[in-house]
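Enquirer: Encoded as structure tokens, here's the structure I'll be asking about.
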Amino acid sequence: MSASRLLSAKPRIAVNVSGSGEAVIFLHGVGTTRTSWDAQLAHFKATHLAVAWDARGYGDSDDYESDLNFAADFSDDLARVLDELDIQTAHIVGLSMGGFIAQCFYFTHPKRVATLVLAHTFPSFRALGDKFVDHFVATRFRPLLEGGTPADTADATVKGLLGPQASVDARRRFHASLCALRRESYIKALRGLLEQDAPGALEDIDVPVLLLTGDHDRLSPPPVVQDMARRIAGSEFAIIPDCGHLSNMERPDDFNRIVHDFVCRHGGIATRQAAVSAS
């Protein structure tokens, strides 16, 4: 079981924390929250300090009045999380939007990143191509601007993003997460994701990197993620079989095995810290 904390600086950021040792920080995608990482915190707590956040505007974290400056705001928030938890450097694991945030954070605070795990992500959302972006805007973004709610498109989003063999529980949890999103903050996150350019050249990343995706991922298909791997010297690439866009929920055992092996092989890089009171 993890300990929940609401960090003090505003907007306040909610985190779940388990274990002790080198820190592994888990960053969720645009349609989920920190609870999507429950299986990862349960697994990693035996060997690491495992932390999952709610990004600003999500879950138990605060909403905010200003527009979202995607790279700057999320990077500053993540730096605050590390500071408040007394973490100097960490292994950063980001999925989809979280993987893009991880890239933004690396190019803003490179010395605070021990390794990067970029799961089901992209070098920028626009890099997925005009056809895909136009479809995304028409099906997920424009309905919100026209007065709809995240719940209105939840069924179609679950069907479009999860693989055909995703469990009933994974589908239920993802659907519930989408329905719980707060409309105004969700709009800000989607707009920021659409507008944010690549924060830097992938070729300039200089820490160990693992990239992974699912063989049924339509948003971050294997060719896109494999091309990212080719551009990052020395990076590793994995495809999780029978999996769509959310391997941490669809295939948690496979995800945990691959990511845990990678992080353990690069142990000793992240700054160690004292145990946090969570079992």
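Chain labels follow the order of the structure tokens: the first chain is A, the next B, and so on; residue numbering restarts at 1 in every chain, and ligands are counted from 1 in their shown order.
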Might you pull out every residue within 8 Å of A:Ala55, with only C-alpha atoms counted and same-chain residues fewer than 6 positions away left off, and present them as a list in words?

Expert: Ile13, Ala14, Leu27, His28, Thr33, Ser61 and Phe74 of chain A

Enquirer: Now that the selection is made, can you save its residues with N, CA and C atoms as a PDB file, in the first residue's frame?

Expert:
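See selection_5.pdb below for the written result:
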```pdb
ATOM      1  N   ILE A  13       0.404  19.409  -5.735  1.00  0.00           N
ATOM      2  CA  ILE A  13       0.519  18.186  -6.528  1.00  0.00           C
ATOM      3  C   ILE A  13       0.346  16.979  -5.610  1.00  0.00           C
ATOM      4  N   ALA A  14      -0.549  16.078  -5.980  1.00  0.00           N
ATOM      5  CA  ALA A  14      -0.783  14.854  -5.224  1.00  0.00           C
ATOM      6  C   ALA A  14       0.134  13.758  -5.732  1.00  0.00           C
ATOM      7  N   LEU A  27       4.906   9.025 -14.548  1.00  0.00           N
ATOM      8  CA  LEU A  27       4.114  10.127 -15.084  1.00  0.00           C
ATOM      9  C   LEU A  27       3.030   9.583 -15.998  1.00  0.00           C
ATOM     10  N   HIS A  28       1.775   9.861 -15.672  1.00  0.00           N
ATOM     11  CA  HIS A  28       0.631   9.282 -16.388  1.00  0.00           C
ATOM     12  C   HIS A  28       0.349  10.000 -17.703  1.00  0.00           C
ATOM     13  N   THR A  33      -4.684   9.051 -14.334  1.00  0.00           N
ATOM     14  CA  THR A  33      -4.146   9.720 -13.157  1.00  0.00           C
ATOM     15  C   THR A  33      -3.099   8.821 -12.518  1.00  0.00           C
ATOM     16  N   SER A  61      -4.677  16.581  -7.519  1.00  0.00           N
ATOM     17  CA  SER A  61      -3.886  17.800  -7.649  1.00  0.00           C
ATOM     18  C   SER A  61      -4.797  18.991  -7.942  1.00  0.00           C
ATOM     19  N   PHE A  74       4.824  21.844 -16.479  1.00  0.00           N
ATOM     20  CA  PHE A  74       4.974  20.468 -16.019  1.00  0.00           C
ATOM     21  C   PHE A  74       6.400  20.204 -15.533  1.00  0.00           C
TER      22      PHE A  74
END
```

Enquirer: Can you list, as a VMD selection string, every protein, DNA or RNA residue that comes within 9 Å of A:Leu246 when you count only C-alpha atoms, leaving out same-chain residues fewer than 5 positions away?

Expert: chain A and resid 29 95 to 96 119 to 120 161 to 163 170 213 to 214 217 251

Enquirer: Step one, run DSSP on the backbone; step two, keep only residues of stretch 23-166 of chain A assigned to strand (DSSP E); then write them as a list of chain:residue names.

Expert: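 Those in stretch 23-166 of chain A that DSSP calls strand (DSSP E) are A:Ala23, A:Val24, A:Ile25, A:Phe26, A:Leu27, A:Leu49, A:Ala50, A:Val51, A:Ala52, A:Trp53, A:Ala90, A:His91, A:Ile92, A:Val93, A:Gly94, A:Leu95, A:Val113, A:Ala114, A:Thr115, A:Leu116, A:Val117, A:Leu118, A:Ala119.
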
Enquirer: Taking 4 positions as the minimum chain separation for residues in the same chain, which residues sit within 9 Å of A:Ile187 when counting only C-alpha atoms? Answer as a list in words.

Expert: Phe141, Leu144, Leu145, Arg182, Arg183, Arg191 and Gly192 of chain A

Enquirer: Let me see the file: selected residues, N, CA and C atoms, as a PDB file, in the first residue's frame.

Expert:
```
ATOM      1  N   PHE A 141     -10.895  16.518 -28.865  1.00  0.00           N
ATOM      2  CA  PHE A 141     -10.698  17.897 -28.437  1.00  0.00           C
ATOM      3  C   PHE A 141     -11.897  18.786 -28.782  1.00  0.00           C
ATOM      4  N   LEU A 144     -15.130  18.753 -26.643  1.00  0.00           N
ATOM      5  CA  LEU A 144     -15.034  19.478 -25.385  1.00  0.00           C
ATOM      6  C   LEU A 144     -15.225  20.970 -25.593  1.00  0.00           C
ATOM      7  N   LEU A 145     -14.631  21.508 -26.648  1.00  0.00           N
ATOM      8  CA  LEU A 145     -14.776  22.929 -26.932  1.00  0.00           C
ATOM      9  C   LEU A 145     -16.217  23.298 -27.254  1.00  0.00           C
ATOM     10  N   ARG A 182     -11.606  16.420 -15.211  1.00  0.00           N
ATOM     11  CA  ARG A 182     -12.274  17.710 -15.077  1.00  0.00           C
ATOM     12  C   ARG A 182     -12.127  18.482 -16.395  1.00  0.00           C
ATOM     13  N   ARG A 183     -13.247  18.885 -16.937  1.00  0.00           N
ATOM     14  CA  ARG A 183     -13.314  19.368 -18.320  1.00  0.00           C
ATOM     15  C   ARG A 183     -12.330  20.495 -18.608  1.00  0.00           C
ATOM     16  N   ARG A 191      -4.872  21.022 -25.217  1.00  0.00           N
ATOM     17  CA  ARG A 191      -4.382  22.143 -26.024  1.00  0.00           C
ATOM     18  C   ARG A 191      -2.864  22.261 -25.903  1.00  0.00           C
ATOM     19  N   GLY A 192      -2.352  22.115 -24.681  1.00  0.00           N
ATOM     20  CA  GLY A 192      -0.905  22.187 -24.492  1.00  0.00           C
ATOM     21  C   GLY A 192      -0.178  21.089 -25.223  1.00  0.00           C
TER      22      GLY A 192
END
```

Enquirer: Could you check which of A:Val133, A:Ala79, A:Leu219, A:Ala176 is closest to A:Ala9, using only C-alpha atoms?

Expert: A:Ala79
